[in-house]
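Trainee: Handing you this structure, nothing more for now.
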Amino acid sequence: MVPSLQRDVCRKVKIFIIHYKETLLKTLLHAILIFTLILLASCSSKAPTMTEEQKQEAAQSVASIAVLSTTVYLSDVSPEKKKELTAGAVFVDTRIQEELTGNAKVQFVGDRQQYKEFPEVDGGLKETALSIGKSFGCDAVLVPTLERFVERVGSNMSVTSPASARFSLVLLDTQTGQTIWTRQFKETQQSFMSNILAFGKMQERGLKWITVEQMVGQAIKEQLADCPYL
């Protein structure tokens with residue numbers, strides 16, 4: 001082999017080795033990044049939890065809880081949105097009842113099979129809720145509010161539009177009017193590719209696209225189980 005050809009071959013081999021090393025390094029760094037993000041997702045941050053003693057004190061401080069029907073705000077919304085929210089309120093009421101039936105502290109207010117709004121007194125929803133709680137002789141009143149309840153468009157395997165929901169649970173002390181416990185839920189399901197931090201939640205759900213009822217039902221179950229006053 002002539003010297004010039006040898007030099008050319010050696011140069012190309014060196015270039016190939018350098019390129020291979022760079023590609024391998026980039027791939028390795030990318031894999032480390034993905035692993036780190038997945039680890040962070042699996043260790044999602046949670047609010048500080050109460051000690052067992054604090055939970056017992058909270059439970060003993062509230063002997064009875066009035067549970068209101070879910071409130072939705074239907075003014076200035078389209079007929080389609082109104083239909084979604086009304087159906088969603090019925091579902092939320094049903095799930096809350098399923099979770100709390102048998103709890104001696106709880107008194108359900110209103111028809112649990114049919115959505116209806118409570119007439120408001122001066123002061124808006126909060127004062128209305130407190131008035132109802134007091135009329136039932138309860139120490140606290142649970143106020144569910146639903147703001148979004150959108151069904152997925154698609155199937156378990158693929159969607160053109162994912163499920164999306166937003167609601168809150170607020171527990172008010174009927175004597176002081178103060179909020180003693182609250183939880184908010186807001187989610188539009190995302191794919192792993194669009195949000196790598198959603199991997200942990202997707203894994204819990206079986207790596208599939210869920211319905212809005214599945215999403216909200218699981219959230220209600222988890223949040224009520226986390227309430228120390230119930």
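Chains: A, B, ... in order of the structure tokens. Residues: from 1 per chain. Ligands: from 1, in order shown.
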Per residue of region 135-164 of chain A within 7 Å of region 57-76 of chain A, which atom pair is closest and at what distance in Å (one decimal), using only C-alpha atoms, listed by chain and increasing number, as CSV?
Mentor:
```
residue,atom,partner,partner_atom,distance
A:Cys138,CA,A:Ser64,CA,4.9
A:Asp139,CA,A:Ser64,CA,5.4
A:Ala140,CA,A:Ile65,CA,4.8
A:Val141,CA,A:Ala66,CA,4.6
A:Leu142,CA,A:Val67,CA,4.8
A:Val143,CA,A:Leu68,CA,5.6
A:Pro144,CA,A:Thr70,CA,4.8
A:Thr145,CA,A:Thr71,CA,4.7
A:Leu146,CA,A:Val72,CA,5.3
A:Glu147,CA,A:Val72,CA,6.4
```
Trainee: With N, CA, C and O atoms retained, write the just-selected residues as a PDB file, in the first residue's frame.
Mentor:
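File written: result-v9.pdb
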```
ATOM      1  N   CYS A 138     -73.648  20.177  62.191  1.00  0.00           N
ATOM      2  CA  CYS A 138     -72.346  19.547  61.951  1.00  0.00           C
ATOM      3  C   CYS A 138     -71.192  20.477  62.323  1.00  0.00           C
ATOM      4  O   CYS A 138     -71.302  21.700  62.226  1.00  0.00           O
ATOM      5  N   ASP A 139     -70.082  19.874  62.707  1.00  0.00           N
ATOM      6  CA  ASP A 139     -68.885  20.641  63.062  1.00  0.00           C
ATOM      7  C   ASP A 139     -68.174  21.189  61.831  1.00  0.00           C
ATOM      8  O   ASP A 139     -67.462  22.193  61.910  1.00  0.00           O
ATOM      9  N   ALA A 140     -68.334  20.497  60.709  1.00  0.00           N
ATOM     10  CA  ALA A 140     -67.647  20.908  59.485  1.00  0.00           C
ATOM     11  C   ALA A 140     -68.517  20.581  58.281  1.00  0.00           C
ATOM     12  O   ALA A 140     -69.460  19.784  58.371  1.00  0.00           O
ATOM     13  N   VAL A 141     -68.186  21.204  57.153  1.00  0.00           N
ATOM     14  CA  VAL A 141     -68.925  20.953  55.922  1.00  0.00           C
ATOM     15  C   VAL A 141     -67.928  20.780  54.781  1.00  0.00           C
ATOM     16  O   VAL A 141     -66.986  21.563  54.639  1.00  0.00           O
ATOM     17  N   LEU A 142     -68.128  19.722  53.990  1.00  0.00           N
ATOM     18  CA  LEU A 142     -67.252  19.430  52.855  1.00  0.00           C
ATOM     19  C   LEU A 142     -67.884  19.979  51.583  1.00  0.00           C
ATOM     20  O   LEU A 142     -69.027  19.642  51.258  1.00  0.00           O
ATOM     21  N   VAL A 143     -67.130  20.822  50.879  1.00  0.00           N
ATOM     22  CA  VAL A 143     -67.647  21.510  49.691  1.00  0.00           C
ATOM     23  C   VAL A 143     -66.859  21.071  48.453  1.00  0.00           C
ATOM     24  O   VAL A 143     -65.727  21.505  48.250  1.00  0.00           O
ATOM     25  N   PRO A 144     -67.429  20.207  47.612  1.00  0.00           N
ATOM     26  CA  PRO A 144     -66.772  19.850  46.349  1.00  0.00           C
ATOM     27  C   PRO A 144     -67.156  20.854  45.260  1.00  0.00           C
ATOM     28  O   PRO A 144     -68.317  21.250  45.151  1.00  0.00           O
ATOM     29  N   THR A 145     -66.184  21.255  44.459  1.00  0.00           N
ATOM     30  CA  THR A 145     -66.423  22.167  43.342  1.00  0.00           C
ATOM     31  C   THR A 145     -65.763  21.601  42.092  1.00  0.00           C
ATOM     32  O   THR A 145     -64.591  21.223  42.128  1.00  0.00           O
ATOM     33  N   LEU A 146     -66.515  21.541  41.006  1.00  0.00           N
ATOM     34  CA  LEU A 146     -66.003  20.993  39.746  1.00  0.00           C
ATOM     35  C   LEU A 146     -65.901  22.105  38.710  1.00  0.00           C
ATOM     36  O   LEU A 146     -66.865  22.826  38.464  1.00  0.00           O
ATOM     37  N   GLU A 147     -64.718  22.235  38.098  1.00  0.00           N
ATOM     38  CA  GLU A 147     -64.493  23.279  37.099  1.00  0.00           C
ATOM     39  C   GLU A 147     -64.287  22.734  35.690  1.00  0.00           C
ATOM     40  O   GLU A 147     -64.534  23.434  34.708  1.00  0.00           O
TER      41      GLU A 147
END
```
Trainee: Env of Ser155 (chain A): 12 Å cut, atoms = only C-alpha atoms, seq-sep filter 4 positions within chain, self excluded. Answer as a count of residues only.
Mentor: 11
Trainee: So that I can check the surroundings of Gln218 (chain A), please list as a ChimeraX atom specification every protein, DNA and RNA residue that reaches within 12 Å of it, counting only C-alpha atoms and ignoring chain neighbours fewer than 3 positions away.
Mentor: /A:92,95-96,99,165,185,201,204-205,210-215,221-225
Trainee: How would the residues just chosen look if you wrote them out with C-alpha atoms as a PDB file, in the first residue's frame?
Mentor:
```pdb
ATOM      1  CA  VAL A  92     -68.273  13.278  41.647  1.00  0.00           C
ATOM      2  CA  ARG A  95     -67.862   8.666  43.941  1.00  0.00           C
ATOM      3  CA  ILE A  96     -67.757  10.696  47.152  1.00  0.00           C
ATOM      4  CA  GLU A  99     -66.043   6.417  49.449  1.00  0.00           C
ATOM      5  CA  ALA A 165     -60.402  17.453  34.834  1.00  0.00           C
ATOM      6  CA  PHE A 185     -56.859  18.350  41.489  1.00  0.00           C
ATOM      7  CA  LYS A 201     -48.194   8.199  36.862  1.00  0.00           C
ATOM      8  CA  GLU A 204     -49.448   3.308  37.707  1.00  0.00           C
ATOM      9  CA  ARG A 205     -52.271   3.568  35.164  1.00  0.00           C
ATOM     10  CA  ILE A 210     -57.713   6.616  30.795  1.00  0.00           C
ATOM     11  CA  THR A 211     -61.229   8.051  30.824  1.00  0.00           C
ATOM     12  CA  VAL A 212     -62.103  11.194  32.741  1.00  0.00           C
ATOM     13  CA  GLU A 213     -64.168   9.101  35.170  1.00  0.00           C
ATOM     14  CA  GLN A 214     -61.169   6.877  35.880  1.00  0.00           C
ATOM     15  CA  MET A 215     -58.994   9.946  36.407  1.00  0.00           C
ATOM     16  CA  LYS A 221     -60.340   8.105  46.421  1.00  0.00           C
ATOM     17  CA  GLU A 222     -56.774   9.234  47.165  1.00  0.00           C
ATOM     18  CA  GLN A 223     -57.727  12.677  48.430  1.00  0.00           C
ATOM     19  CA  LEU A 224     -60.482  11.534  50.779  1.00  0.00           C
ATOM     20  CA  ALA A 225     -58.203   8.818  52.141  1.00  0.00           C
TER      21      ALA A 225
END
```
Trainee: Of the candidates A:Gly154, A:Phe91, A:Phe149, A:Val106, which one gets nearest to Gly137 (chain A) if we count only C-alpha atoms?
Mentor: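 Going through A:Gly154, A:Phe91, A:Phe149, A:Val106 one by one, the smallest distance to Gly137 (chain A) is for A:Val106.
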Trainee: So that I can see what lies close to Asp226 (chain A), please list as a list of chain:residue names the residues with an atom at most 10 Å from it, counting only C-alpha atoms and leaving out residues fewer than 6 positions away in the same chain.
Mentor: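 Answer for this query is A:Thr49, A:Met50, A:Arg183, A:Ile220.
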Trainee: Please run DSSP on the backbone and report, as a PyMOL selection string, all residues within region 97-182 of chain A that come out as strand (DSSP E).
Mentor: chain A and resi 106-108+140-150+153-154+159-161+164-173+179-182
Trainee: Would you mind exporting N, CA and C atoms of the selected residues as a CSV table (one decimal), in the first residue's frame?
Mentor:
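Saved as out_0.csv:
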```csv
chain,number,residue,atom,x,y,z
A,106,VAL,N,-70.4,11.3,58.7
A,106,VAL,CA,-70.8,12.0,57.5
A,106,VAL,C,-72.3,12.0,57.4
A,107,GLN,N,-72.8,13.2,57.0
A,107,GLN,CA,-74.2,13.4,56.6
A,107,GLN,C,-74.3,13.9,55.2
A,108,PHE,N,-74.9,13.2,54.3
A,108,PHE,CA,-75.0,13.7,52.9
A,108,PHE,C,-76.1,14.7,52.8
A,140,ALA,N,-68.3,20.5,60.7
A,140,ALA,CA,-67.6,20.9,59.5
A,140,ALA,C,-68.5,20.6,58.3
A,141,VAL,N,-68.2,21.2,57.2
A,141,VAL,CA,-68.9,21.0,55.9
A,141,VAL,C,-67.9,20.8,54.8
A,142,LEU,N,-68.1,19.7,54.0
A,142,LEU,CA,-67.3,19.4,52.9
A,142,LEU,C,-67.9,20.0,51.6
A,143,VAL,N,-67.1,20.8,50.9
A,143,VAL,CA,-67.6,21.5,49.7
A,143,VAL,C,-66.9,21.1,48.5
A,144,PRO,N,-67.4,20.2,47.6
A,144,PRO,CA,-66.8,19.8,46.3
A,144,PRO,C,-67.2,20.9,45.3
A,145,THR,N,-66.2,21.3,44.5
A,145,THR,CA,-66.4,22.2,43.3
A,145,THR,C,-65.8,21.6,42.1
A,146,LEU,N,-66.5,21.5,41.0
A,146,LEU,CA,-66.0,21.0,39.7
A,146,LEU,C,-65.9,22.1,38.7
A,147,GLU,N,-64.7,22.2,38.1
A,147,GLU,CA,-64.5,23.3,37.1
A,147,GLU,C,-64.3,22.7,35.7
A,148,ARG,N,-63.8,21.5,35.6
A,148,ARG,CA,-63.6,20.9,34.3
A,148,ARG,C,-63.8,19.4,34.3
A,149,PHE,N,-64.4,18.9,33.3
A,149,PHE,CA,-64.7,17.4,33.2
A,149,PHE,C,-64.8,17.1,31.8
A,150,VAL,N,-63.7,16.8,31.1
A,150,VAL,CA,-63.7,16.6,29.7
A,150,VAL,C,-63.2,15.2,29.4
A,153,VAL,N,-61.0,11.7,23.8
A,153,VAL,CA,-61.4,11.3,22.4
A,153,VAL,C,-60.5,10.3,21.9
A,154,GLY,N,-60.9,9.0,21.9
A,154,GLY,CA,-60.0,8.0,21.5
A,154,GLY,C,-60.2,6.7,22.3
A,159,VAL,N,-55.2,8.5,21.5
A,159,VAL,CA,-56.3,9.5,21.6
A,159,VAL,C,-55.9,10.7,20.7
A,160,THR,N,-57.0,11.4,20.3
A,160,THR,CA,-56.8,12.7,19.6
A,160,THR,C,-56.9,13.8,20.6
A,161,SER,N,-57.6,13.5,21.7
A,161,SER,CA,-57.7,14.5,22.8
A,161,SER,C,-57.8,13.7,24.1
A,164,SER,N,-59.4,15.3,30.7
A,164,SER,CA,-58.9,16.5,31.5
A,164,SER,C,-60.0,16.8,32.5
A,165,ALA,N,-59.5,17.1,33.7
A,165,ALA,CA,-60.4,17.5,34.8
A,165,ALA,C,-59.8,18.4,35.8
A,166,ARG,N,-60.6,19.1,36.5
A,166,ARG,CA,-60.2,20.1,37.6
A,166,ARG,C,-61.3,20.2,38.6
A,167,PHE,N,-61.0,19.9,39.8
A,167,PHE,CA,-61.9,20.0,40.9
A,167,PHE,C,-61.2,20.3,42.2
A,168,SER,N,-62.0,20.7,43.2
A,168,SER,CA,-61.4,20.9,44.6
A,168,SER,C,-62.4,20.4,45.6
A,169,LEU,N,-61.8,20.0,46.8
A,169,LEU,CA,-62.5,19.6,48.0
A,169,LEU,C,-62.1,20.5,49.1
A,170,VAL,N,-63.0,21.2,49.7
A,170,VAL,CA,-62.7,22.1,50.8
A,170,VAL,C,-63.5,21.8,52.0
A,171,LEU,N,-62.9,21.6,53.2
A,171,LEU,CA,-63.6,21.3,54.4
A,171,LEU,C,-63.5,22.6,55.3
A,172,LEU,N,-64.7,23.1,55.6
A,172,LEU,CA,-64.8,24.3,56.4
A,172,LEU,C,-65.3,24.0,57.8
A,173,ASP,N,-64.7,24.7,58.8
A,173,ASP,CA,-65.2,24.6,60.2
A,173,ASP,C,-66.5,25.5,60.3
A,179,THR,N,-61.0,27.4,56.7
A,179,THR,CA,-60.7,26.2,55.9
A,179,THR,C,-59.8,25.3,56.7
A,180,ILE,N,-60.2,24.1,57.1
A,180,ILE,CA,-59.3,23.3,57.9
A,180,ILE,C,-58.6,22.2,57.1
A,181,TRP,N,-59.1,22.0,55.9
A,181,TRP,CA,-58.4,21.0,55.0
A,181,TRP,C,-58.9,21.3,53.6
A,182,THR,N,-58.0,21.2,52.6
A,182,THR,CA,-58.4,21.4,51.2
A,182,THR,C,-57.5,20.6,50.3
```
Trainee: Nearest to Cys227 (chain A): which of A:Lys83, A:Thr188, A:Asn156, A:Leu100 is it, counting only C-alpha atoms?
Mentor: A:Leu100
